[in-house]
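File shown: input-v7.cif (mmCIF, C-alpha atoms).
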```cif
data_upload
loop_
_atom_site.label_atom_id
_atom_site.label_comp_id
_atom_site.auth_asym_id
_atom_site.auth_seq_id
_atom_site.Cartn_x
_atom_site.Cartn_y
_atom_site.Cartn_z
CA MET J 27 29.90 -16.35 12.43
CA ASN J 28 30.72 -14.52 9.20
CA ALA J 29 32.67 -11.26 9.26
CA GLY J 30 31.21 -10.03 5.95
CA ASP J 31 27.64 -10.64 7.10
CA THR J 32 28.35 -8.96 10.42
CA ALA J 33 29.81 -5.91 8.71
CA TRP J 34 26.80 -5.68 6.38
CA VAL J 35 24.26 -5.92 9.20
CA LEU J 36 26.06 -3.30 11.29
CA ALA J 37 26.40 -0.97 8.28
CA SER J 38 22.74 -1.50 7.47
CA ALA J 39 21.80 -0.65 11.05
CA ALA J 40 23.66 2.64 10.67
CA LEU J 41 21.83 3.32 7.38
CA VAL J 42 18.45 2.70 9.00
CA MET J 43 19.44 4.92 11.91
CA LEU J 44 20.03 7.75 9.44
CA MET J 45 16.48 7.36 8.15
CA THR J 46 14.94 8.86 11.29
CA PRO J 47 16.89 12.15 11.01
CA GLY J 48 16.01 12.00 7.31
CA LEU J 49 12.37 11.67 8.28
CA ALA J 50 12.79 14.66 10.59
CA PHE J 51 14.01 16.79 7.67
CA PHE J 52 11.30 15.43 5.37
CA TYR J 53 8.50 16.18 7.83
CA GLY J 54 10.15 19.36 9.10
CA GLY J 55 10.25 20.92 5.65
CA MET J 56 6.59 20.10 5.05
CA VAL J 57 5.20 22.02 8.02
CA ARG J 58 4.92 25.77 8.57
CA VAL J 59 7.71 27.85 10.08
CA LYS J 60 6.12 27.94 13.53
CA SER J 61 6.13 24.12 13.81
CA VAL J 62 9.37 22.95 12.20
CA LEU J 63 11.41 22.42 15.40
CA ASN J 64 8.65 20.51 17.14
CA MET J 65 8.14 18.35 14.08
CA MET J 66 11.81 17.43 13.99
CA MET J 67 11.95 16.99 17.77
CA MET J 68 9.17 14.39 17.58
CA SER J 69 11.43 12.22 15.43
CA PHE J 70 14.62 12.82 17.38
CA VAL J 71 13.09 12.21 20.81
CA THR J 72 11.71 8.93 19.49
CA ILE J 73 15.31 7.80 18.94
CA ALA J 74 16.06 8.38 22.61
CA VAL J 75 12.86 6.93 24.06
CA VAL J 76 12.64 3.78 21.94
CA THR J 77 16.35 2.98 22.33
CA ILE J 78 15.94 2.70 26.10
CA LEU J 79 12.71 0.71 25.78
CA TRP J 80 14.34 -1.68 23.31
CA VAL J 81 17.35 -2.47 25.48
CA VAL J 82 15.40 -2.79 28.72
CA VAL J 83 12.49 -4.89 27.51
CA GLY J 84 11.67 -4.46 23.82
CA TYR J 85 14.12 -6.87 22.24
CA SER J 86 13.18 -9.59 24.70
CA LEU J 87 9.44 -9.18 24.10
CA THR J 88 10.00 -9.22 20.34
CA PHE J 89 12.62 -11.91 19.77
CA ALA J 90 13.05 -13.97 22.97
CA GLY J 91 10.77 -16.99 23.19
CA ASP J 92 7.10 -17.09 22.26
CA ASN J 93 3.80 -16.73 24.08
CA GLY J 94 0.68 -17.48 22.07
CA HIS J 95 2.48 -16.63 18.82
CA VAL J 96 1.97 -12.90 19.54
CA ILE J 97 4.65 -11.84 22.03
CA GLY J 98 8.00 -12.94 23.43
CA ASP J 99 9.04 -13.30 27.06
CA PHE J 100 11.27 -11.57 29.61
CA SER J 101 14.20 -13.96 29.44
CA GLU J 102 16.51 -11.44 27.75
CA VAL J 103 15.53 -8.19 29.45
CA GLY J 104 18.43 -5.77 29.54
CA LEU J 105 19.96 -7.90 26.75
CA LYS J 106 20.83 -10.51 29.35
CA GLY J 107 23.26 -13.12 28.05
CA LEU J 108 23.70 -11.51 24.64
CA LEU J 109 27.19 -10.11 25.18
CA ALA J 110 28.89 -13.49 25.22
CA PRO J 111 30.92 -14.53 22.14
CA GLU J 112 28.70 -17.57 21.68
CA ALA J 113 25.56 -15.41 21.38
CA VAL J 114 25.01 -15.71 17.63
CA SER J 115 22.00 -14.97 15.43
CA GLY J 116 22.41 -16.69 12.09
CA THR J 117 25.90 -15.77 10.92
CA THR J 118 26.25 -12.59 12.99
CA PRO J 119 26.59 -11.72 16.68
CA THR J 120 23.16 -11.43 18.27
CA LEU J 121 23.97 -7.85 19.30
CA ALA J 122 24.35 -6.92 15.62
CA PHE J 123 20.81 -8.18 15.05
CA VAL J 124 19.69 -6.30 18.19
CA ALA J 125 21.14 -3.07 16.82
CA PHE J 126 19.60 -3.58 13.38
CA GLN J 127 16.12 -4.30 14.68
CA LEU J 128 16.34 -1.38 17.12
CA MET J 129 16.42 1.04 14.21
CA PHE J 130 13.15 -0.40 12.87
CA ALA J 131 11.57 0.00 16.29
CA ILE J 132 12.65 3.65 16.32
CA ILE J 133 11.40 4.79 12.94
CA THR J 134 8.01 3.07 13.12
CA PRO J 135 6.44 5.33 15.80
CA ALA J 136 8.33 8.32 14.37
CA LEU J 137 6.38 7.88 11.11
CA ILE J 138 3.12 8.45 12.99
CA SER J 139 4.11 11.97 14.05
CA GLY J 140 3.48 13.43 10.60
CA ALA J 141 -0.26 12.91 10.97
CA ILE J 142 -0.52 15.22 14.01
CA ALA J 143 1.78 18.07 13.01
CA ASP J 144 1.14 21.54 14.48
CA ARG J 145 -1.20 20.50 17.30
CA ALA J 146 0.24 17.92 19.73
CA THR J 147 1.85 18.54 23.10
CA PHE J 148 5.38 17.24 23.44
CA ARG J 149 4.62 15.40 26.69
CA GLY J 150 1.59 13.78 25.07
CA TRP J 151 3.72 12.59 22.16
CA ILE J 152 6.36 11.03 24.42
CA ALA J 153 3.68 9.23 26.43
CA PHE J 154 2.12 7.93 23.22
CA VAL J 155 5.45 6.65 21.89
CA VAL J 156 6.08 4.70 25.09
CA GLY J 157 2.59 3.20 25.20
CA TRP J 158 2.18 2.41 21.50
CA THR J 159 5.65 0.94 21.10
CA CYS J 160 5.10 -1.45 24.01
CA LEU J 161 1.48 -2.35 23.27
CA VAL J 162 1.58 -2.45 19.49
CA TYR J 163 5.01 -2.49 17.88
CA PHE J 164 6.61 -5.19 20.02
CA PRO J 165 3.80 -7.76 19.61
CA VAL J 166 3.28 -6.97 15.92
CA ALA J 167 7.00 -7.25 15.14
CA HIS J 168 7.09 -10.55 17.04
CA SER J 169 4.07 -11.83 15.11
CA VAL J 170 5.67 -10.93 11.78
CA TRP J 171 9.38 -11.64 12.25
CA PHE J 172 9.87 -14.19 15.03
CA LEU J 173 10.39 -17.44 13.10
CA ASP J 174 10.81 -20.78 14.84
CA ASP J 175 9.87 -23.65 12.50
CA GLY J 176 6.15 -23.06 12.85
CA ASN J 177 6.31 -22.20 16.55
CA GLY J 178 6.97 -18.47 16.16
CA GLY J 179 4.81 -15.46 15.36
CA TRP J 180 1.38 -16.12 13.92
CA ILE J 181 1.78 -13.89 10.85
CA GLY J 182 5.22 -14.86 9.58
CA ASP J 183 5.59 -18.37 11.01
CA LYS J 184 2.05 -19.74 11.15
CA LEU J 185 0.09 -17.86 8.47
CA LYS J 186 3.16 -17.58 6.23
CA ALA J 187 2.35 -14.05 5.13
CA ILE J 188 5.44 -12.35 3.70
CA ASP J 189 6.79 -9.07 5.04
CA PHE J 190 10.43 -8.93 4.03
CA ALA J 191 11.33 -5.60 5.63
CA GLY J 192 8.28 -3.99 7.21
CA GLY J 193 5.26 -3.27 5.01
CA THR J 194 2.96 -4.79 7.63
CA ALA J 195 5.02 -4.41 10.80
CA VAL J 196 6.14 -0.86 10.03
CA HIS J 197 4.06 0.98 7.44
CA VAL J 198 0.54 -0.43 7.77
CA ASN J 199 1.10 -0.53 11.52
CA ALA J 200 2.18 3.12 11.71
CA GLY J 201 -0.32 4.30 9.08
CA ALA J 202 -3.30 2.86 10.96
CA ALA J 203 -2.14 4.48 14.20
CA ALA J 204 -1.64 7.78 12.35
CA LEU J 205 -5.25 7.68 11.18
CA ALA J 206 -6.44 7.05 14.73
CA LEU J 207 -4.45 9.96 16.18
CA ALA J 208 -5.57 12.32 13.41
CA ILE J 209 -9.16 11.56 14.43
CA VAL J 210 -8.46 11.83 18.18
CA LEU J 211 -6.65 15.16 17.98
CA GLY J 212 -9.01 16.62 15.40
CA LYS J 213 -8.35 19.12 12.67
CA ARG J 214 -5.85 21.95 12.78
CA ILE J 215 -7.19 25.47 13.11
CA GLY J 216 -7.74 26.78 9.61
CA TRP J 217 -7.72 23.36 7.95
CA LYS J 218 -9.07 23.56 4.39
CA LYS J 219 -9.11 27.38 4.65
CA ASP J 220 -5.41 28.04 5.21
CA PRO J 221 -3.26 26.41 2.48
CA MET J 222 -0.64 25.42 5.11
CA ARG J 223 2.09 25.09 2.49
CA PRO J 224 5.49 23.49 3.23
CA HIS J 225 7.85 26.12 4.55
CA SER J 226 11.01 24.62 2.99
CA LEU J 227 10.93 22.33 -0.03
CA PRO J 228 14.75 22.04 -0.01
CA LEU J 229 14.47 20.42 3.44
CA VAL J 230 11.81 18.07 2.09
CA LEU J 231 14.10 17.00 -0.75
CA LEU J 232 17.04 16.58 1.63
CA GLY J 233 14.92 14.40 3.87
CA ALA J 234 13.64 12.33 0.94
CA GLY J 235 17.21 11.82 -0.27
CA LEU J 236 18.37 10.63 3.15
CA LEU J 237 15.40 8.29 3.38
CA TRP J 238 16.12 6.86 -0.07
CA PHE J 239 19.77 6.35 0.87
CA GLY J 240 19.00 4.78 4.23
CA TRP J 241 16.32 2.53 2.78
CA PHE J 242 18.96 0.30 1.19
CA GLY J 243 19.90 -0.68 4.72
CA PHE J 244 16.23 -1.05 5.59
CA ASN J 245 15.50 -3.50 2.75
CA ALA J 246 18.77 -5.06 1.66
CA GLY J 247 19.95 -5.18 5.27
CA SER J 248 16.94 -7.33 6.12
CA ALA J 249 18.62 -10.16 4.22
CA LEU J 250 20.90 -10.31 7.30
CA SER J 251 23.77 -11.48 5.12
CA ALA J 252 25.91 -10.10 2.32
CA GLY J 253 24.74 -12.28 -0.56
CA THR J 254 22.31 -12.72 -3.42
CA THR J 255 19.20 -11.83 -1.42
CA ALA J 256 20.72 -8.52 -0.36
CA ALA J 257 21.66 -7.75 -3.96
CA VAL J 258 18.19 -8.56 -5.32
CA THR J 259 16.41 -6.49 -2.68
CA PHE J 260 18.84 -3.61 -3.22
CA VAL J 261 18.10 -3.49 -6.96
CA ASN J 262 14.35 -3.91 -6.45
CA THR J 263 14.34 -1.04 -3.95
CA GLN J 264 16.03 1.30 -6.39
CA VAL J 265 13.93 0.52 -9.46
CA ALA J 266 10.58 0.51 -7.63
CA THR J 267 11.33 3.89 -6.08
CA ALA J 268 12.35 5.38 -9.42
CA ALA J 269 9.16 4.04 -11.02
CA ALA J 270 7.02 5.42 -8.19
CA VAL J 271 8.45 8.91 -8.74
CA ILE J 272 7.38 8.71 -12.36
CA GLY J 273 3.95 7.35 -11.44
CA TRP J 274 3.29 10.14 -8.93
CA LEU J 275 4.48 12.88 -11.29
CA ILE J 276 2.28 11.57 -14.09
CA VAL J 277 -0.77 11.80 -11.84
CA GLU J 278 0.24 15.32 -10.74
CA ARG J 279 0.66 16.41 -14.31
CA LEU J 280 -2.71 15.01 -15.33
CA THR J 281 -4.64 16.33 -12.34
CA HIS J 282 -2.93 19.66 -11.61
CA GLY J 283 -1.02 20.44 -14.77
CA LYS J 284 2.36 20.63 -13.02
CA ALA J 285 4.96 18.22 -11.72
CA THR J 286 6.19 19.45 -8.32
CA THR J 287 9.23 18.87 -6.13
CA LEU J 288 6.93 17.89 -3.26
CA GLY J 289 5.32 15.34 -5.57
CA LEU J 290 8.71 13.94 -6.54
CA ALA J 291 9.74 13.54 -2.91
CA SER J 292 6.39 12.05 -1.92
CA GLY J 293 6.47 9.66 -4.87
CA ALA J 294 9.90 8.44 -3.86
CA VAL J 295 8.74 7.72 -0.32
CA ALA J 296 5.61 5.99 -1.63
CA GLY J 297 7.77 3.71 -3.77
CA LEU J 298 10.10 2.95 -0.89
CA VAL J 299 7.14 2.09 1.32
CA ALA J 300 5.48 -0.18 -1.25
CA ILE J 301 8.60 -2.16 -2.13
CA THR J 302 9.50 -2.74 1.53
CA PRO J 303 7.37 -5.86 2.10
CA SER J 304 7.84 -7.19 -1.42
CA CYS J 305 11.50 -6.48 -2.23
CA GLY J 306 12.40 -10.14 -1.73
CA ALA J 307 9.35 -11.50 -3.52
CA VAL J 308 9.33 -9.79 -6.93
CA THR J 309 11.66 -9.53 -9.91
CA PRO J 310 13.11 -6.18 -10.98
CA VAL J 311 10.49 -5.96 -13.75
CA GLY J 312 7.81 -6.69 -11.17
CA ALA J 313 9.32 -3.98 -8.97
CA ILE J 314 8.96 -1.45 -11.80
CA ILE J 315 5.29 -2.33 -12.24
CA LEU J 316 4.73 -2.22 -8.49
CA GLY J 317 6.45 1.16 -8.21
CA LEU J 318 4.48 2.79 -11.04
CA PHE J 319 1.17 1.74 -9.53
CA ALA J 320 2.25 2.61 -5.99
CA GLY J 321 3.21 6.14 -6.98
CA ALA J 322 -0.06 6.69 -8.82
CA ILE J 323 -2.28 5.11 -6.18
CA CYS J 324 -0.68 7.02 -3.31
CA ALA J 325 -0.93 10.28 -5.28
CA PHE J 326 -4.68 9.73 -5.48
CA ALA J 327 -4.93 8.48 -1.89
CA VAL J 328 -3.53 11.61 -0.26
CA SER J 329 -6.58 13.59 -1.39
CA LEU J 330 -8.99 11.24 0.38
CA LYS J 331 -8.51 13.05 3.69
CA TYR J 332 -10.41 16.05 2.31
CA LYS J 333 -13.32 13.88 1.22
CA LEU J 334 -13.39 11.77 4.37
CA GLY J 335 -12.83 14.71 6.73
CA PHE J 336 -9.72 13.75 8.74
CA ASP J 337 -6.68 16.02 8.99
CA ASP J 338 -3.67 13.82 8.27
CA SER J 339 -1.22 16.72 8.23
CA LEU J 340 1.63 15.20 6.22
CA ASP J 341 -0.15 12.37 4.39
CA VAL J 342 1.02 9.49 6.56
CA VAL J 343 -2.17 7.58 5.85
CA GLY J 344 -2.11 8.16 2.11
CA VAL J 345 1.55 7.18 1.74
CA HIS J 346 2.35 4.69 4.49
CA LEU J 347 -0.95 2.94 5.17
CA VAL J 348 -2.02 2.82 1.53
CA GLY J 349 1.50 2.29 0.16
CA GLY J 350 2.35 -0.41 2.69
CA LEU J 351 -0.94 -2.20 2.09
CA PHE J 352 -0.56 -2.08 -1.69
CA GLY J 353 3.03 -3.34 -1.53
CA SER J 354 2.04 -6.20 0.71
CA LEU J 355 -0.95 -7.24 -1.41
CA ALA J 356 1.21 -6.99 -4.54
CA ILE J 357 3.16 -10.01 -3.29
CA GLY J 358 0.03 -12.06 -3.89
CA LEU J 359 -0.13 -10.70 -7.44
CA LEU J 360 3.45 -10.13 -8.63
CA GLY J 361 5.35 -12.56 -6.44
CA SER J 362 7.75 -14.79 -8.39
CA GLU J 363 9.48 -17.99 -7.34
CA ALA J 364 12.59 -16.64 -9.10
CA ALA J 365 12.94 -14.06 -6.30
CA PRO J 366 14.44 -14.94 -2.89
CA SER J 367 11.06 -15.41 -1.17
CA ALA J 368 10.23 -18.06 -3.81
CA VAL J 369 6.46 -17.53 -3.84
CA ASN J 370 4.36 -17.26 -6.99
CA GLY J 371 1.57 -14.71 -6.97
CA LEU J 372 -1.65 -14.78 -8.97
CA PHE J 373 -0.05 -13.37 -12.13
CA TYR J 374 2.64 -16.07 -12.01
CA GLY J 375 0.26 -18.98 -11.65
CA GLY J 376 0.25 -19.12 -7.88
CA GLY J 377 -3.48 -18.64 -7.35
CA VAL J 378 -5.04 -16.41 -4.71
CA SER J 379 -3.74 -18.20 -1.60
CA GLN J 380 -0.84 -15.84 -0.93
CA LEU J 381 -3.00 -12.82 -1.66
CA GLY J 382 -5.45 -13.96 1.00
CA LYS J 383 -2.66 -14.43 3.54
CA GLN J 384 -1.33 -10.94 2.87
CA ALA J 385 -4.78 -9.40 3.16
CA LEU J 386 -5.57 -11.14 6.46
CA ALA J 387 -2.26 -10.16 8.06
CA ASN J 388 -2.63 -6.51 7.15
CA LEU J 389 -6.29 -6.35 8.14
CA VAL J 390 -5.62 -7.69 11.62
CA VAL J 391 -2.55 -5.50 12.19
CA GLY J 392 -4.31 -2.40 10.86
CA VAL J 393 -7.41 -2.86 13.02
CA TYR J 394 -5.37 -3.67 16.14
CA SER J 395 -3.01 -0.72 15.71
CA PHE J 396 -5.88 1.68 15.02
CA ALA J 397 -7.86 0.53 18.06
CA VAL J 398 -4.96 0.73 20.51
CA ALA J 399 -3.75 4.08 19.16
CA PHE J 400 -7.26 5.53 19.36
CA ILE J 401 -7.80 4.43 22.97
CA LEU J 402 -4.28 5.42 24.01
CA GLY J 403 -4.63 8.83 22.37
CA LYS J 404 -7.94 9.45 24.14
CA VAL J 405 -6.52 8.46 27.53
CA ILE J 406 -3.49 10.71 27.11
CA ASP J 407 -5.64 13.63 25.99
CA LYS J 408 -7.98 13.27 28.98
CA THR J 409 -5.14 12.95 31.51
CA ILE J 410 -1.93 14.84 30.74
CA GLY J 411 -3.24 16.52 27.58
CA PHE J 412 -2.44 15.69 23.97
CA ARG J 413 -4.05 18.41 21.88
CA LEU J 414 -2.63 21.92 22.20
CA LYS J 415 -4.88 24.70 23.42
CA GLU J 416 -6.27 26.84 20.63
CA ASP J 417 -4.27 29.94 21.55
CA ASP J 418 -1.07 27.91 21.76
CA GLU J 419 -1.68 26.37 18.35
CA VAL J 420 -2.15 29.81 16.83
CA THR J 421 1.02 31.07 18.50
CA GLY J 422 2.97 28.07 17.25
CA VAL J 423 4.01 24.81 18.84
CA ASP J 424 7.73 25.66 18.60
CA GLN J 425 7.36 28.73 20.79
CA VAL J 426 4.89 27.20 23.21
CA GLU J 427 6.45 23.76 23.69
CA HIS J 428 10.15 24.52 23.24
CA ALA J 429 10.57 28.31 23.66
CA GLU J 430 12.49 28.39 20.37
CA THR J 431 12.07 29.39 16.77
CA ALA J 432 13.74 27.75 13.79
CA TYR J 433 14.73 30.95 12.03
CA ASP J 434 15.80 34.22 13.65
CA TYR J 435 14.86 36.55 10.83
CA LEU J 436 15.58 39.71 12.85
CA SER J 437 19.14 38.69 13.65
CA SER J 438 19.96 37.29 10.21
CA SER J 439 18.75 40.44 8.51
CA GLY J 440 20.96 42.63 10.68
CA LEU J 441 17.97 44.53 12.07
CA ARG J 442 18.61 43.43 15.63
CA GLY J 443 22.13 44.82 15.61
CA ALA J 444 20.98 48.01 13.95
CA LEU J 445 18.24 48.50 16.51
CA SER J 446 20.54 47.84 19.46
CA ALA J 447 23.14 50.25 18.05
CA ARG J 448 20.63 53.08 17.62
CA PRO J 449 21.26 55.79 20.25
CA ALA J 450 18.56 56.14 22.87
CA PRO J 451 16.45 59.32 22.72
CA ALA J 452 17.88 62.16 24.83
CA GLU J 453 16.05 62.45 28.15
CA THR J 454 15.24 65.76 29.84
CA GLU J 455 15.40 66.45 33.56
CA ASN J 456 11.74 65.64 34.18
CA GLY J 457 12.01 62.14 32.57
CA THR J 458 10.63 62.92 29.15
CA THR J 459 12.38 62.52 25.84
CA GLU J 460 12.96 65.45 23.59
CA ALA J 461 10.65 63.96 21.03
CA SER J 462 7.87 63.32 23.53
CA GLU J 463 8.17 66.82 25.01
CA LYS J 464 7.49 68.20 21.60
CA GLU J 465 4.34 66.14 21.51
CA GLY J 466 3.53 66.82 25.17
CA VAL J 467 3.50 63.11 26.03
CA LYS J 468 5.14 61.54 29.09
CA ALA J 469 7.92 59.15 28.05
#
```
Could you render the structure from this file as structure tokens?
Amino acid sequence: MNAGDTAWVLASAALVMLMTPGLAFFYGGMVRVKSVLNMMMMSFVTIAVVTILWVVVGYSLTFAGDNGHVIGDFSEVGLKGLLAPEAVSGTTPTLAFVAFQLMFAIITPALISGAIADRATFRGWIAFVVGWTCLVYFPVAHSVWFLDDGNGGWIGDKLKAIDFAGGTAVHVNAGAAALALAIVLGKRIGWKKDPMRPHSLPLVLLGAGLLWFGWFGFNAGSALSAGTTAAVTFVNTQVATAAAVIGWLIVERLTHGKATTLGLASGAVAGLVAITPSCGAVTPVGAIILGLFAGAICAFAVSLKYKLGFDDSLDVVGVHLVGGLFGSLAIGLLGSEAAPSAVNGLFYGGGVSQLGKQALANLVVGVYSFAVAFILGKVIDKTIGFRLKEDDEVTGVDQVEHAETAYDYLSSSGLRGALSARPAPAETENGTTEASEKEGVKA
């Protein structure tokens, strides 16, 4: 056991934990005023729900044993046997690894919520998180990350597809499910007619900043030790994200004539997504190239929803599905044996073998996640209800689902106090006010 590695993994777990509140701010700023609390609640409640699932059964199904190279077993339910001093994973206590992987399990379903903003019931969302996490995330994460000398998960251990920190297991997985739910729940009222602009760009930028900060734990923490691999992935994460911002803004400037703050934030997230699977497989120069293309490609991809006719409210498909897929495939093109993963892609003389492995892994995960999310969404909608009623959607999901509003404009403006301090109209003996008597109207 190594104290430095343990400290790094625990610190990285805390950084990844911060990403989900960051996502809440990012998504919350992008929706309209009447939906901001619900949008943020969808992320925060995921922290609570998935944490319990992970401790009770999730960790065991993901990292304890192997069944058919797709799922674990129940030998470590409730984290049985993992509190002992001899319970070690690599050079850290197993519980440090448990905590780190928990944060990945939390943010993955939370990412999906952006696709169904403004129109989902809170109970329906909680039911979906429980079902999708158990049926999709646990087996996919096992398939990608459970390594056991060829006897582990079929993607990472048998196929040898590379997913350093979650391009396949997190982003393609969540993006495919987001597409399915956007189709199941249908379009928002006024889609394409109402501009539905973000209500708070400062919140969007705050969220993007927190995501960028936390992503160093996401990627560099996945090295699971404080060494060269962590340093390489840290640098690659930074430079790819910076390049993606530039790539997105260039596309915005060429297509719309302006570079926007929303574009900057979205470009940063697109770069973070794309470098996630490949941060251990490319050089810093390769990361710059990857980031530039990722930012540009995702900027184009977000407009596809209007052409294809699905209402992905906050561009989860265009950023996470497309960005995660591009970043994963880029390993087969830009991968370099000089990087920690030590795999040469096509452009480094490695042929198309790795590219094929990356494509197969993402195709299977994407199709599986989409199918399960679609069926699960339909079942929830037909039973407890997933799509808000039309009148409730018009009123606003914050008011209907939570009986709250994000901003009390009346109170903050001082109008409420002024109105309450205004003297009541004088009442006459027969129950009419002086003003109404003048008009001849009963008060």
Report as a ChimeraX atom specification the full result of the PyMOL selection byres ((chain J and resi 265) around 8) when it is applied to this structure. /J:261-264,266-269,310,313-314,317
Close residues, stretch 412-419 of chain J itself excluded, 7 Å, all atoms listed in the file, min 3 positions apart in chain, as an MDAnalysis selection string: chainID J and resid 144:147 150 211 406:407 422:423 426
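The smallest atom-to-atom distance between J:Thr32 and any of J:Phe51, J:Ala252, J:Ile132, J:Val230, using only C-alpha atoms, is found for J:Ala252.
Among the candidate residues J:Tyr53, J:Phe396, J:Trp34, J:Tyr332, the one lying nearest to J:Ile142 is J:Tyr53, with distances computed using all atoms listed in the file.
With all atoms listed in the file as the basis for measurement, J:Val114 is the residue among J:Val308, J:Leu381, J:Val295, J:Val114 that approaches J:Met27 most closely.
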